[in-house]
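Structure file work09.cif; described as mmCIF, C-alpha atoms.
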data_query
loop_
_atom_site.label_atom_id
_atom_site.label_comp_id
_atom_site.auth_asym_id
_atom_site.auth_seq_id
_atom_site.Cartn_x
_atom_site.Cartn_y
_atom_site.Cartn_z
CA MET A 191 5.37 14.03 -24.57
CA ILE A 192 3.78 10.60 -25.13
CA ARG A 193 7.12 8.84 -24.77
CA LYS A 194 7.68 10.60 -21.45
CA ASN A 195 4.21 9.98 -20.04
CA TRP A 196 3.44 6.55 -21.49
CA TRP A 197 3.23 4.99 -18.04
CA LYS A 198 0.58 7.52 -17.00
CA LEU A 199 -1.51 6.60 -20.03
CA LEU A 200 -0.99 2.94 -19.15
CA CYS A 201 -2.08 3.65 -15.57
CA PHE A 202 -5.27 5.33 -16.76
CA ALA A 203 -6.07 2.51 -19.18
CA LEU A 204 -5.45 -0.24 -16.60
CA LEU A 205 -7.56 1.42 -13.92
CA MET A 206 -10.40 2.09 -16.35
CA TYR A 207 -10.23 -1.58 -17.33
CA THR A 208 -10.15 -2.62 -13.66
CA CYS A 209 -13.07 -0.43 -12.61
CA ILE A 210 -15.22 -1.61 -15.51
CA MET A 211 -14.31 -5.29 -15.67
CA GLY A 212 -14.07 -5.54 -11.89
CA PHE A 213 -17.84 -5.20 -11.75
CA MET A 214 -18.64 -7.01 -14.98
CA VAL A 215 -16.33 -10.04 -14.97
CA LYS A 216 -18.01 -13.36 -14.32
CA ILE A 217 -17.04 -14.85 -10.99
CA PRO A 218 -17.15 -18.54 -10.04
CA VAL A 219 -20.02 -19.85 -7.93
CA LEU A 220 -18.45 -20.52 -4.55
CA ASP A 221 -19.68 -22.33 -1.49
CA GLY A 222 -20.01 -20.17 1.60
CA ARG A 223 -20.40 -16.40 1.81
CA MET A 224 -17.74 -15.09 -0.61
CA GLN A 225 -20.11 -14.64 -3.54
CA GLN A 226 -20.05 -11.17 -5.19
CA SER A 227 -17.90 -9.67 -2.43
CA ILE A 228 -14.88 -11.33 -4.04
CA ARG A 229 -14.89 -8.45 -6.52
CA ASN A 230 -13.21 -6.43 -3.77
CA LEU A 231 -10.15 -8.51 -4.62
CA PHE A 232 -9.44 -6.07 -7.46
CA PHE A 233 -9.38 -3.10 -5.07
CA HIS A 234 -8.37 -4.31 -1.60
CA VAL A 235 -5.36 -6.48 -2.39
CA PRO A 236 -3.70 -4.06 -4.88
CA MET A 237 -3.72 -1.39 -2.15
CA TRP A 238 -1.32 -3.52 -0.12
CA PHE A 239 0.87 -4.16 -3.15
CA ALA A 240 1.04 -0.41 -3.78
CA MET A 241 1.74 0.32 -0.12
CA GLN A 242 4.60 -2.14 0.07
CA THR A 243 6.08 -0.89 -3.20
CA LEU A 244 6.07 2.69 -1.92
CA PHE A 245 7.54 1.75 1.46
CA CYS A 246 10.31 -0.18 -0.31
CA ILE A 247 11.18 2.87 -2.40
CA SER A 248 10.93 5.11 0.67
CA VAL A 249 13.45 3.10 2.67
CA PHE A 250 15.75 3.00 -0.38
CA TYR A 251 15.86 6.80 -0.42
CA ALA A 252 16.24 6.87 3.38
CA VAL A 253 19.40 4.77 3.10
CA ARG A 254 20.53 6.87 0.16
CA PHE A 255 20.06 10.06 2.19
CA LEU A 256 22.18 8.71 5.05
CA ARG A 257 24.97 8.16 2.54
CA SER A 258 24.60 11.33 0.46
CA GLN A 259 23.05 13.84 2.92
CA ASN A 260 21.20 15.21 -0.12
CA PRO A 261 17.93 16.88 1.00
CA VAL A 262 16.23 15.76 -2.22
CA ASP A 263 16.66 12.14 -1.14
CA ASP A 264 14.92 13.02 2.12
CA TYR A 265 12.03 14.58 0.19
CA TYR A 266 11.68 11.44 -1.90
CA SER A 267 11.75 9.21 1.17
CA LEU A 268 9.16 11.35 2.94
CA GLU A 269 6.68 11.52 0.08
CA PHE A 270 6.91 7.83 -0.78
CA ALA A 271 6.22 7.03 2.87
CA ARG A 272 3.32 9.50 2.95
CA THR A 273 1.59 8.04 -0.11
CA GLY A 274 2.35 4.52 1.10
CA LEU A 275 0.55 5.28 4.35
CA VAL A 276 -2.47 6.59 2.42
CA PHE A 277 -2.68 3.39 0.39
CA GLY A 278 -2.23 1.36 3.56
CA ILE A 279 -5.21 3.14 5.11
CA LEU A 280 -7.21 2.45 1.94
CA GLY A 281 -6.21 -1.20 2.30
CA ILE A 282 -7.50 -1.22 5.89
CA VAL A 283 -10.78 0.45 4.87
CA THR A 284 -11.48 -1.81 1.88
CA GLY A 285 -10.54 -4.81 4.01
CA ALA A 286 -12.97 -3.73 6.74
CA ILE A 287 -15.75 -3.40 4.16
CA TRP A 288 -15.00 -6.91 2.92
CA ALA A 289 -14.78 -8.27 6.48
CA ASN A 290 -18.19 -6.80 7.27
CA TYR A 291 -19.74 -9.05 4.63
CA GLN A 292 -17.60 -12.10 5.34
CA TRP A 293 -17.21 -12.08 9.12
CA GLY A 294 -20.26 -10.07 10.15
CA LYS A 295 -18.41 -6.96 11.37
CA PRO A 296 -15.73 -4.68 9.92
CA TRP A 297 -13.19 -5.26 12.70
CA SER A 298 -12.95 -8.54 14.61
CA GLY A 299 -9.44 -8.32 16.03
CA ASP A 300 -8.16 -10.84 13.50
CA PRO A 301 -4.33 -11.23 13.66
CA LYS A 302 -3.90 -9.90 10.13
CA GLN A 303 -6.09 -6.89 10.82
CA ASN A 304 -4.18 -6.17 14.02
CA GLY A 305 -0.81 -6.67 12.33
CA ALA A 306 -1.72 -4.30 9.51
CA ALA A 307 -2.93 -1.70 12.01
CA ILE A 308 0.31 -1.96 14.02
CA ALA A 309 2.39 -1.55 10.85
CA LEU A 310 0.49 1.60 9.90
CA LEU A 311 0.76 3.01 13.43
CA ILE A 312 4.52 2.53 13.27
CA TYR A 313 4.63 4.54 10.05
CA MET A 314 2.31 7.18 11.50
CA ALA A 315 4.86 7.63 14.28
CA TYR A 316 7.38 8.44 11.54
CA PHE A 317 5.44 11.59 10.67
CA VAL A 318 4.93 12.47 14.34
CA LEU A 319 8.69 12.18 14.79
CA ARG A 320 9.39 14.48 11.86
CA GLY A 321 6.91 17.04 13.12
CA SER A 322 8.45 17.08 16.59
CA MET A 323 11.85 18.42 15.46
CA ASN A 324 12.71 21.85 14.12
CA ASP A 325 16.35 21.24 13.22
CA LEU A 326 16.19 20.23 9.55
CA ASP A 327 19.43 18.21 9.42
CA LYS A 328 18.69 16.37 12.65
CA ARG A 329 15.11 15.71 11.57
CA SER A 330 16.18 14.25 8.25
CA ARG A 331 18.84 11.96 9.76
CA ILE A 332 16.70 10.64 12.60
CA SER A 333 13.72 10.20 10.30
CA ALA A 334 15.82 8.20 7.84
CA VAL A 335 16.99 5.88 10.62
CA TYR A 336 13.44 5.46 11.90
CA ASN A 337 12.23 4.76 8.35
CA ILE A 338 14.61 1.80 8.20
CA PHE A 339 13.24 0.54 11.54
CA ALA A 340 9.64 0.95 10.36
CA PHE A 341 10.37 -0.97 7.18
CA ALA A 342 12.05 -3.74 9.16
CA MET A 343 8.86 -4.09 11.21
CA LEU A 344 6.56 -4.05 8.17
CA PHE A 345 6.94 -7.63 7.00
CA PRO A 346 6.84 -9.32 10.45
CA THR A 347 3.64 -7.48 11.39
CA ILE A 348 1.90 -8.08 8.07
CA TRP A 349 3.26 -11.38 6.74
CA ILE A 350 5.01 -13.40 9.44
CA LEU A 351 3.38 -13.02 12.86
CA PRO A 352 -0.28 -13.21 11.65
CA ARG A 353 0.50 -16.51 9.89
CA LEU A 354 1.65 -18.10 13.14
CA THR A 355 -1.81 -17.97 14.74
CA GLU A 356 -5.36 -18.90 13.79
CA SER A 357 -6.82 -16.37 11.40
CA LEU A 358 -10.11 -15.81 9.63
CA HIS A 359 -8.25 -13.93 6.93
CA PRO A 360 -7.52 -15.91 3.73
CA GLY A 361 -3.95 -17.12 3.66
CA GLY A 362 -3.63 -17.39 7.43
CA GLN A 363 -3.24 -20.47 9.57
CA GLY A 364 -6.57 -22.22 9.96
CA SER A 365 -8.08 -20.52 6.91
CA GLU A 366 -8.80 -21.97 3.50
CA GLY A 367 -6.15 -20.16 1.49
CA ASN A 368 -5.83 -16.86 -0.27
CA PRO A 369 -8.60 -16.35 -2.85
CA ALA A 370 -6.25 -14.23 -4.92
CA LEU A 371 -3.97 -17.21 -5.45
CA ASN A 372 -6.19 -20.23 -4.99
CA PRO A 373 -7.33 -21.56 -8.41
CA ASN A 374 -10.42 -23.05 -6.76
CA ASP A 375 -11.64 -19.61 -5.67
CA THR A 376 -10.89 -17.67 -8.82
CA SER A 377 -11.41 -18.05 -12.54
CA PRO A 378 -9.17 -17.27 -15.52
CA GLU A 379 -11.39 -14.27 -16.23
CA MET A 380 -10.76 -12.90 -12.73
CA GLU A 381 -7.03 -13.41 -13.04
CA MET A 382 -7.10 -11.33 -16.24
CA VAL A 383 -8.44 -8.43 -14.15
CA PHE A 384 -6.41 -9.01 -10.98
CA LEU A 385 -2.93 -8.55 -12.47
CA PRO A 386 -3.81 -5.36 -14.40
CA ALA A 387 -5.42 -4.06 -11.19
CA ILE A 388 -2.19 -4.53 -9.24
CA ILE A 389 -0.10 -2.82 -11.93
CA GLY A 390 -2.63 -0.01 -12.37
CA TRP A 391 -2.92 0.85 -8.67
CA ILE A 392 0.86 0.74 -8.22
CA LEU A 393 1.32 3.10 -11.17
CA LEU A 394 -1.30 5.43 -9.70
CA SER A 395 0.52 5.46 -6.36
CA LEU A 396 3.78 6.33 -8.14
CA TRP A 397 2.02 9.05 -10.12
CA ILE A 398 0.58 10.63 -6.98
CA THR A 399 3.96 10.47 -5.26
CA SER A 400 5.73 12.09 -8.20
CA LEU A 401 3.33 15.03 -7.97
CA ARG A 402 3.88 15.27 -4.21
CA ILE A 403 7.65 15.27 -4.70
CA ARG A 404 7.49 18.05 -7.29
CA LEU A 405 5.31 20.10 -4.94
CA ARG A 406 7.68 19.45 -2.03
CA ILE A 407 10.76 20.55 -3.98
CA ILE A 408 9.03 23.71 -5.24
CA THR A 409 7.85 24.54 -1.72
CA GLU A 410 11.29 24.03 -0.19
CA LYS A 411 12.93 26.18 -2.87
CA LYS A 412 10.38 28.93 -2.24
CA LEU A 413 10.99 28.81 1.52
CA ALA A 414 14.76 28.93 0.95
CA HIS A 415 14.44 32.17 -1.04
CA GLU A 416 12.24 33.89 1.52
#
Take the structure in the file and write it out as structure tokens.
Amino acid sequence: MIRKNWWKLLCFALLMYTCIMGFMVKIPVLDGRMQQSIRNLFFHVPMWFAMQTLFCISVFYAVRFLRSQNPVDDYYSLEFARTGLVFGILGIVTGAIWANYQWGKPWSGDPKQNGAAIALLIYMAYFVLRGSMNDLDKRSRISAVYNIFAFAMLFPTIWILPRLTESLHPGGQGSEGNPALNPNDTSPEMEMVFLPAIIGWILLSLWITSLRIRLRIITEKKLAHE
């Protein structure tokens, strides 16, 4: 049992460590308004890492479904996209909380905020598309194709286009760099929390998705027998 669920135990340990040390670790004294709000680094940024990991796995299973036509691949693709969207929304929310302290309001129309919102809206349309069709085979095929399109739009909207314009967000053009990567804005103690936070949140997202997939398969089997 332990050998099979070691990664779940690791997930629990890493997130406990993150939640405790995230509020206890000593942070560097910075000029400007960052101050204690930089602790959100351990929660906001990992949400995006988890989201992108899940979307990558989702599009993998979408492509796999188009080749195999196996409904299980469609279930995997759907649930990874669903959990990825949830973590993306959490990324938006934690980012808005941080922005409220840094920029004076939770939403300022910053290019990175807008790009992230567009990316999530594109993925929300994926679920609207699935819900609009009753034919199971047609729904699965069209959804898989749309999933590939949504994934192709993910990186331009989040990483490329926002960097081409002036941005208040760290890491954008005209800003002072990403505090998660800039040695001047972080300390070795913070880096010892940041990496475990990323791994822990990603493992949690995979754990949640695995439960969703099991529930989906059981539900579909039950419906097939009715």
For the point (11.7, 1.0, 2.5) in file coordinates, what residues are within 9 Å, counting all atoms listed in the file? Give the answer as JSON, numbers by chain? {"A": [242, 243, 244, 245, 246, 247, 248, 249, 250, 251, 252, 253, 267, 270, 271, 337, 338, 340, 341, 342]}
Save out the residues we just selected, C-alpha atoms, as a short mmCIF file (atom, residue, chain, number, x, y, z; two decimals), in the coordinates of the input.
data_model
loop_
_atom_site.label_atom_id
_atom_site.label_comp_id
_atom_site.auth_asym_id
_atom_site.auth_seq_id
_atom_site.Cartn_x
_atom_site.Cartn_y
_atom_site.Cartn_z
CA GLN A 242 4.60 -2.14 0.07
CA THR A 243 6.08 -0.89 -3.20
CA LEU A 244 6.07 2.69 -1.92
CA PHE A 245 7.54 1.75 1.46
CA CYS A 246 10.31 -0.18 -0.31
CA ILE A 247 11.18 2.87 -2.40
CA SER A 248 10.93 5.11 0.67
CA VAL A 249 13.45 3.10 2.67
CA PHE A 250 15.75 3.00 -0.38
CA TYR A 251 15.86 6.80 -0.42
CA ALA A 252 16.24 6.87 3.38
CA VAL A 253 19.40 4.77 3.10
CA SER A 267 11.75 9.21 1.17
CA PHE A 270 6.91 7.83 -0.78
CA ALA A 271 6.22 7.03 2.87
CA ASN A 337 12.23 4.76 8.35
CA ILE A 338 14.61 1.80 8.20
CA ALA A 340 9.64 0.95 10.36
CA PHE A 341 10.37 -0.97 7.18
CA ALA A 342 12.05 -3.74 9.16
#
Could you check how far atom CA of Tyr266 of chain A sits from atom CA of Ile403 of chain A, in Å to one decimal? 6.2 Å
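Counting all atoms listed in the file and comparing A:Asn195, A:Thr208, A:Thr273, A:Thr284, the residue that lies closest to Phe384 of chain A is A:Thr208.
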What does the structure give for the distance between atom CA of Phe239 of chain A and atom CA of Leu396 of chain A, in Å to one decimal? 12.0 Å
Please write as a ChimeraX atom specification the full residue list that the PyMOL selection byres ((chain A and resi 237) around 12) yields on this file. /A:230-236,238-244,273-285,384,387-395
Exercise: Thr347 of chain A partners within 9 Å, all atoms listed in the file, chain neighbours under 3 positions left out, as a list in words: Lys302, Asn304, Gly305, Ala306, Ala307, Ile308, Ala309, Met343, Leu344, Ile350, Leu351 and Pro352 of chain A
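As for atom CA of Asp264 of chain A and atom CA of Ser330 of chain A, they are spaced 6.4 Å apart.
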Val262 of chain A surroundings by all atoms listed in the file, 12 Å radius, close-in-sequence under 3 positions cut, as a ChimeraX atom specification: /A:251-252,254-256,258-259,265-269,330,403-404,406-408,410-411
